[in-house]
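Engineer: Structure incoming, see below.
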Amino acid sequence: MRRVLLLAIFLVSLPAAAHKPSDSYLTLRVGDSMVDVQWDIALRDLEYAVGVDADGDGAITWAELQARHDAISAYALARLTISAGGARCASAAVGHQVDRHSDGTYAVLRFAALCPKDARGLAATYALFFDLDPLHRGLARLEERGATRSLVFSPEQPTQPLAVSGSSPLRQIAEFAREGVFHIWTGFDHVLFLLSLLLPAVLRREAGRWVPLPGFRQALWKTLAIVTAFTLAHSLTLTLAALEVVTLPSRWVESAIAVSVVIAALNNVYPVLERRLWMVAFFFGLIHGFGFASVLGDLGLPRDNLLAALVSFNLGVEAGQLAIVAALMPLAFALRQTWLYRRLALSAGSLLIVAVACVWLFERAFELRLFS
Amino acid sequence: MRILSVVLLAAGTCVAAPFVPADPKEVLETLPVASADPFSRELRQLRLALASDPRNLELATRAARRYIERARADADPRYLGYAQAALAPWWNAGAPASVLVLRATIRQSLHDFPSALADLSAALEIEPRNAQAWLTRAAIQQVRGAFGEAMESCRPLERLAGELVATACWAGAASASGQAEASYERLRDALARQRGASPGVRQWVLTSLAEMAEGQGRSRLAEAHFKEALAVAEPDAYLKAAYADFLLDQGRDAEVVALLKSGIRADGLLLRLALAEAKLGLSRAAGHVDALEARFSAARLRGDSLHRREEARFTLHLLKQPHDALRLAQENWAVHREPWDARIYLEAALAAGSSGAAQPVRDWLQDNRVHDVRLAALARQAGR
């Protein structure tokens with residue numbers, strides 16, 4: 001009877017006036033080869049786990065806390081692992097401070113976790129107090145290059161990747177699109193290929209000579225046909241390669257791209273194919289797509305967001321390509337009747353492109369560096 | 001949402017900048033002194049004993065029960081975590097009935113009602129005569145507004161736990177569902193008959209009587225019950241909060257400040273203290289509002305939904321943001337249906353100027369024939 005009555009006290013429900021539960025606060029600043037950590041842990045919790053109040057008077061003084069600093073660092077650091085690619089990053093130089101939070105005073109630990117340079121796969125594993133108080137949580141703010149994100153460590157989720165961008169699908173998409181634009185702008189082989197095909201788009205061959213096209217519409221149609229064919233072709237192979245349906249050795253692909261530039265430029269000087277340049281664009285576009293795919297592979301495609309990343313990268317490539325065309329096309333049209341354009345830009349320019357592409361071809365085929 | 005939580009975390013962590021104290025003697029934190037407090041001493045001994053014998057079921061359940069009692073007395077969820085840790089060997093698999101009941105109690109305290117009810121059903125399968133399991137089940141059914149089921153769960157207690165406990169169990173549900181006066185009288189008479197009840201049970205029953213009297217608008221009677229409950233044993237956080245609410249309704253704000261000024265660790269008490277200070281125009285209120293805001297942010301960040309009722313009240317009366325308060329009150333109403341949950345919902349709906357939003361609560365009050373003068377007045381206002 002008595003035991004039941006004692007138990008009956010449980011009836012009154014608790015939550016009407018709950019305390020703040022036990023949390024620790026982490027700030028993780030991710031740098032190039034290190035993670036800067038600030039870790040605030042409640043003195044109450046440290047007293048329970050490690051013992052801080054040496055004289056047992058219920059008042060924790062700064063001197064008592066200082067005397068336990070080594071024990072606290074050893075206890076805490078054994079329960080927070082920062083790793084890169086599965087290997088533990090060494091923690092160094094622990095500094096101690098205190099801070100006041102809404103529910104009392106916290107010990108502040110500062111240290112740096114030193115990881116290999118350019119480490120991929122940064123992660124943190126947190127186990128503080130989970131054995132003593134499974135309701136404890138580690139609340140972390142992750143900072144990387146000005147971006148921030150929050151993480152919660154719990155017994156159910158003790159390990160979290162330390163990547164600000166890795167988690168937000170929107171940010172990821174934007175990043176891949178940017179990479180796409182960047183790649184077409186800095187990938188001179190793609191630009192020179194496109195240029196070689198577009199230079200003669202404002203002209204036409206008549207009795208073995210280049211003659212300006214009379215109207216803008218015609219020039220625009222020709223340009224559009226080439227750009228569209230190139231886009232369709234490289235989108236197709238980019239997708240096939242990214243999804244690992246077709247894989248080709250990159251040495252072969254890179255050499256073939258150089259060959260495509262040589263052929264396209266040479267065709268301007270010694271025309272073999274005079275019409276239907278869009279077919280050339282399509283055929284060689286297939287090879288350029290494999291080239292884009294190798295860049296995408298280097299960026300590290302997110303498994304969970306593969307399709308979105310692929311599409312956004314490709315859209316980035318198209319946007320970059322359209323910007324080039326939009327800048328080039330009106331200029332070429334305006335200058336198409338001049339000697340400067342036909343002799344210097346088209347003939348001499350194409351020969352220069354051939355020369356550059358031949359160097360690439362040689363370098364890529366034999367894996368040499370002629371000019372570096 | 002993510003951006004929001006980052007901002008909130010920033011608010012939670014950057015209360016001040018870390019510093020190195022200048023004076024080694026500076027007191028950074030004060031905690032209960034174990035040597036002076038028998039309860040703390042007992043818990044420490046239990047913890048040591050359990051550390052050397054962690055698979056001792058009898059020891060582990062005793063420790064967990066005492067931790068839960070401490071959690072209730074101090075309103076400190078840390079002790080719920082300690083209780084869970086004590087039960088760790090049986091927590092995930094192979095829990096006997098005694099552990100199931102304790103696990104249900106911990107889960108109920110964390111508002112995980114479906115899991116708690118499942119634990120209790122499992123425990124009652126094994127031990128149909130487990131009084132605690134019936135009691136806890138009734139309590140959960142009552143806070144969820146399932147008054148009929150709660151009264152059913154109270155019935156076996158007559159045999160298993162005696163008249164007073166059974167009556168108190170039944171009266172809690174009955175008073176909220178159309179039998180306010182009858183249940184008050186029955187419980188008062190049962191207490192009068194049972195002179196030998198332990199102080200803990202007397203305090204619990206007196207608190208219930210005070211709340212029932214309050215609901216009927218009988219303030220003097222409520223006051224007398226509260227006073228007696230406060231005197232019969234050391235008041236826990238629940239009783240202090242209930243009495244503070246009573247005083248706030250009476251406009252006796254200075255008494256609230258006097259009652260609570262030492263208890264600011266518990267969120268719920270800090271909320272009532274800040275409400276009183278704000279009404280009195282005391283400058284301390286601002287600091288307490290900041291502290292509460294930081295605590296609610298941290299709770300939201302860790303994914304707790306425990307504090308929605310308090311947060312709704314905080315948002316409505318201290319931040320003066322009725323639309324946000326209404327949203328919180330609605331979220332709270334989905335899981336928690338006690339008079340206070342209905343009250344904050346109605347108050348927020350009225351303040352937000354959307355009486356229509358209050359319709360679910362008005363229907364619920366009518367369907368369950370809830371008799372509470374304050375709720376009735378609010379519902380009438382919302383119905384206009």
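Starting from 1 in every chain, residues are counted up; chains themselves are A, B, ... following the order of the structure tokens, and ligands are numbered from 1 as listed.
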Could you please select, counting only C-alpha atoms, the residues of chain B within 7 Å of chain A and state them as a short mmCIF file (atom, residue, chain, number, x, y, z; two decimals) with N, CA and C atoms, in the first residue's frame?
Structural biologist:
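So iface-v7.cif came out as:
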data_model
loop_
_atom_site.label_atom_id
_atom_site.label_comp_id
_atom_site.auth_asym_id
_atom_site.auth_seq_id
_atom_site.Cartn_x
_atom_site.Cartn_y
_atom_site.Cartn_z
N SER B 5 17.11 28.72 -37.89
CA SER B 5 17.69 28.04 -36.74
C SER B 5 19.12 28.50 -36.49
N VAL B 6 19.80 28.90 -37.55
CA VAL B 6 21.15 29.44 -37.34
C VAL B 6 21.06 30.73 -36.54
N THR B 13 23.74 31.12 -28.23
CA THR B 13 25.12 30.96 -27.80
C THR B 13 25.78 32.29 -27.47
N VAL B 15 25.26 34.89 -25.87
CA VAL B 15 24.70 35.72 -24.81
C VAL B 15 25.75 36.72 -24.37
N ALA B 16 26.98 36.27 -24.26
CA ALA B 16 28.08 37.15 -23.91
C ALA B 16 29.32 36.56 -24.52
N ALA B 17 30.42 37.31 -24.46
CA ALA B 17 31.66 36.78 -25.00
C ALA B 17 32.37 35.99 -23.91
N PRO B 18 33.05 34.90 -24.28
CA PRO B 18 33.81 34.14 -23.29
C PRO B 18 34.89 35.03 -22.65
N PHE B 19 35.20 34.76 -21.41
CA PHE B 19 36.19 35.59 -20.72
C PHE B 19 36.99 34.73 -19.74
N VAL B 20 38.08 35.28 -19.26
CA VAL B 20 38.88 34.64 -18.22
C VAL B 20 38.66 35.44 -16.94
N PRO B 21 38.09 34.81 -15.90
CA PRO B 21 37.82 35.57 -14.67
C PRO B 21 39.10 36.12 -14.07
N PRO B 24 40.63 34.42 -8.82
CA PRO B 24 40.51 32.97 -8.66
C PRO B 24 39.38 32.58 -7.71
N LYS B 25 39.02 33.49 -6.81
CA LYS B 25 37.97 33.16 -5.83
C LYS B 25 36.57 33.44 -6.37
N GLU B 26 36.50 33.99 -7.57
CA GLU B 26 35.18 34.33 -8.12
C GLU B 26 34.32 33.07 -8.23
N VAL B 27 33.09 33.17 -7.70
CA VAL B 27 32.17 32.03 -7.76
C VAL B 27 31.47 32.04 -9.12
N LEU B 28 31.65 30.97 -9.87
CA LEU B 28 31.11 30.91 -11.24
C LEU B 28 29.72 30.28 -11.26
N GLU B 29 29.48 29.36 -10.33
CA GLU B 29 28.22 28.61 -10.36
C GLU B 29 27.93 28.10 -8.96
N THR B 30 26.65 28.15 -8.59
CA THR B 30 26.27 27.55 -7.31
C THR B 30 25.33 26.38 -7.56
N LEU B 31 25.60 25.29 -6.86
CA LEU B 31 24.85 24.05 -7.05
C LEU B 31 24.37 23.58 -5.68
N PRO B 32 23.37 22.67 -5.67
CA PRO B 32 22.95 22.13 -4.38
C PRO B 32 24.13 21.44 -3.70
N VAL B 33 24.27 21.66 -2.41
CA VAL B 33 25.39 21.05 -1.68
C VAL B 33 24.98 19.64 -1.27
N ARG B 72 10.96 15.81 -10.98
CA ARG B 72 9.67 16.44 -10.75
C ARG B 72 9.78 17.56 -9.72
N ALA B 75 11.88 20.22 -11.42
CA ALA B 75 11.52 20.46 -12.83
C ALA B 75 12.77 20.50 -13.69
N ASP B 76 13.67 19.55 -13.45
CA ASP B 76 14.94 19.54 -14.17
C ASP B 76 15.06 18.27 -15.01
N PRO B 77 14.99 18.40 -16.34
CA PRO B 77 15.02 17.22 -17.20
C PRO B 77 16.35 16.46 -17.17
N ARG B 78 17.41 17.09 -16.65
CA ARG B 78 18.68 16.35 -16.52
C ARG B 78 18.46 15.05 -15.75
N GLY B 81 17.21 12.27 -17.75
CA GLY B 81 18.29 11.65 -18.50
C GLY B 81 19.08 10.69 -17.63
N TYR B 82 19.33 11.09 -16.37
CA TYR B 82 20.06 10.21 -15.46
C TYR B 82 19.24 8.93 -15.20
N GLN B 84 17.09 7.59 -17.27
CA GLN B 84 17.19 6.76 -18.48
C GLN B 84 18.53 6.03 -18.51
N ALA B 85 19.61 6.73 -18.11
CA ALA B 85 20.94 6.10 -18.11
C ALA B 85 20.97 4.93 -17.12
N SER B 109 6.94 12.46 -19.63
CA SER B 109 7.50 13.75 -19.23
C SER B 109 8.10 14.49 -20.42
N ALA B 131 -0.48 -0.75 -10.12
CA ALA B 131 -1.26 0.47 -9.90
C ALA B 131 -0.63 1.68 -10.59
N GLN B 132 0.70 1.74 -10.53
CA GLN B 132 1.37 2.89 -11.13
C GLN B 132 1.08 2.97 -12.63
N LEU B 135 -2.35 4.43 -13.12
CA LEU B 135 -2.35 5.85 -12.77
C LEU B 135 -1.70 6.70 -13.87
N THR B 136 -0.54 6.26 -14.31
CA THR B 136 0.19 7.03 -15.33
C THR B 136 -0.61 7.05 -16.63
N ALA B 139 -3.29 9.55 -16.33
CA ALA B 139 -2.75 10.92 -16.41
C ALA B 139 -2.51 11.32 -17.86
N ALA B 161 -5.09 0.69 -5.14
CA ALA B 161 -4.37 1.79 -4.50
C ALA B 161 -5.20 2.51 -3.44
N GLY B 200 3.00 13.67 0.68
CA GLY B 200 3.09 13.79 -0.78
C GLY B 200 1.73 13.65 -1.44
N VAL B 201 0.96 12.65 -0.99
CA VAL B 201 -0.37 12.44 -1.57
C VAL B 201 -1.31 13.57 -1.19
N ALA B 237 7.91 22.21 -8.26
CA ALA B 237 7.79 23.26 -9.26
C ALA B 237 6.36 23.35 -9.81
N TYR B 238 5.67 22.21 -9.91
CA TYR B 238 4.31 22.22 -10.44
C TYR B 238 3.38 23.05 -9.55
N ALA B 241 4.16 26.75 -9.70
CA ALA B 241 3.68 27.34 -10.95
C ALA B 241 2.17 27.53 -10.90
N ARG B 265 15.81 28.84 -12.24
CA ARG B 265 16.37 27.82 -13.12
C ARG B 265 15.29 27.17 -13.98
N ALA B 266 14.12 26.95 -13.40
CA ALA B 266 13.06 26.28 -14.14
C ALA B 266 12.38 27.29 -15.08
N ASP B 267 12.29 26.91 -16.37
CA ASP B 267 11.71 27.81 -17.38
C ASP B 267 10.32 28.29 -17.01
N GLY B 268 9.48 27.34 -16.59
CA GLY B 268 8.09 27.66 -16.32
C GLY B 268 7.96 28.68 -15.19
N LEU B 269 8.82 28.54 -14.18
CA LEU B 269 8.79 29.49 -13.06
C LEU B 269 9.36 30.83 -13.48
N ALA B 291 16.55 35.88 -21.31
CA ALA B 291 16.96 34.52 -20.91
C ALA B 291 15.95 33.50 -21.42
N ALA B 294 16.32 32.94 -25.16
CA ALA B 294 17.47 32.08 -25.45
C ALA B 294 17.13 30.62 -25.16
N ARG B 295 16.41 30.38 -24.07
CA ARG B 295 16.10 28.99 -23.71
C ARG B 295 15.11 28.37 -24.71
N ARG B 302 17.08 22.00 -30.56
CA ARG B 302 17.34 20.59 -30.27
C ARG B 302 16.11 19.75 -30.62
N LEU B 306 8.44 20.44 -26.06
CA LEU B 306 7.92 20.39 -24.70
C LEU B 306 7.33 21.70 -24.23
#
Engineer: Set the distance at 10 Å and use only C-alpha atoms: which residues neighbour Leu230 (chain B) once local chain neighbours fewer than 3 positions away are removed? I'd like the list as number ranges by chain.
Structural biologist: B: 203, 206-207, 224-227, 233-236, 239-240, 243
Engineer: Go through region 131-325 of chain B and collect every residue that DSSP, computed from the backbone, puts in alpha helix (DSSP H); the answer should be as a ChimeraX atom specification.
Structural biologist: /B:131-143,147-154,157-161,163-175,180-193,199-215,219-232,237-249,253-260,267-280,284-301,308-317,322-325
Engineer: For a test of reading the model, state the distance in Å between CA of Ala173 (chain B) and CA of Pro360 (chain B), rounded to one decimal.
Structural biologist: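 Those two atoms sit 19.9 Å apart.
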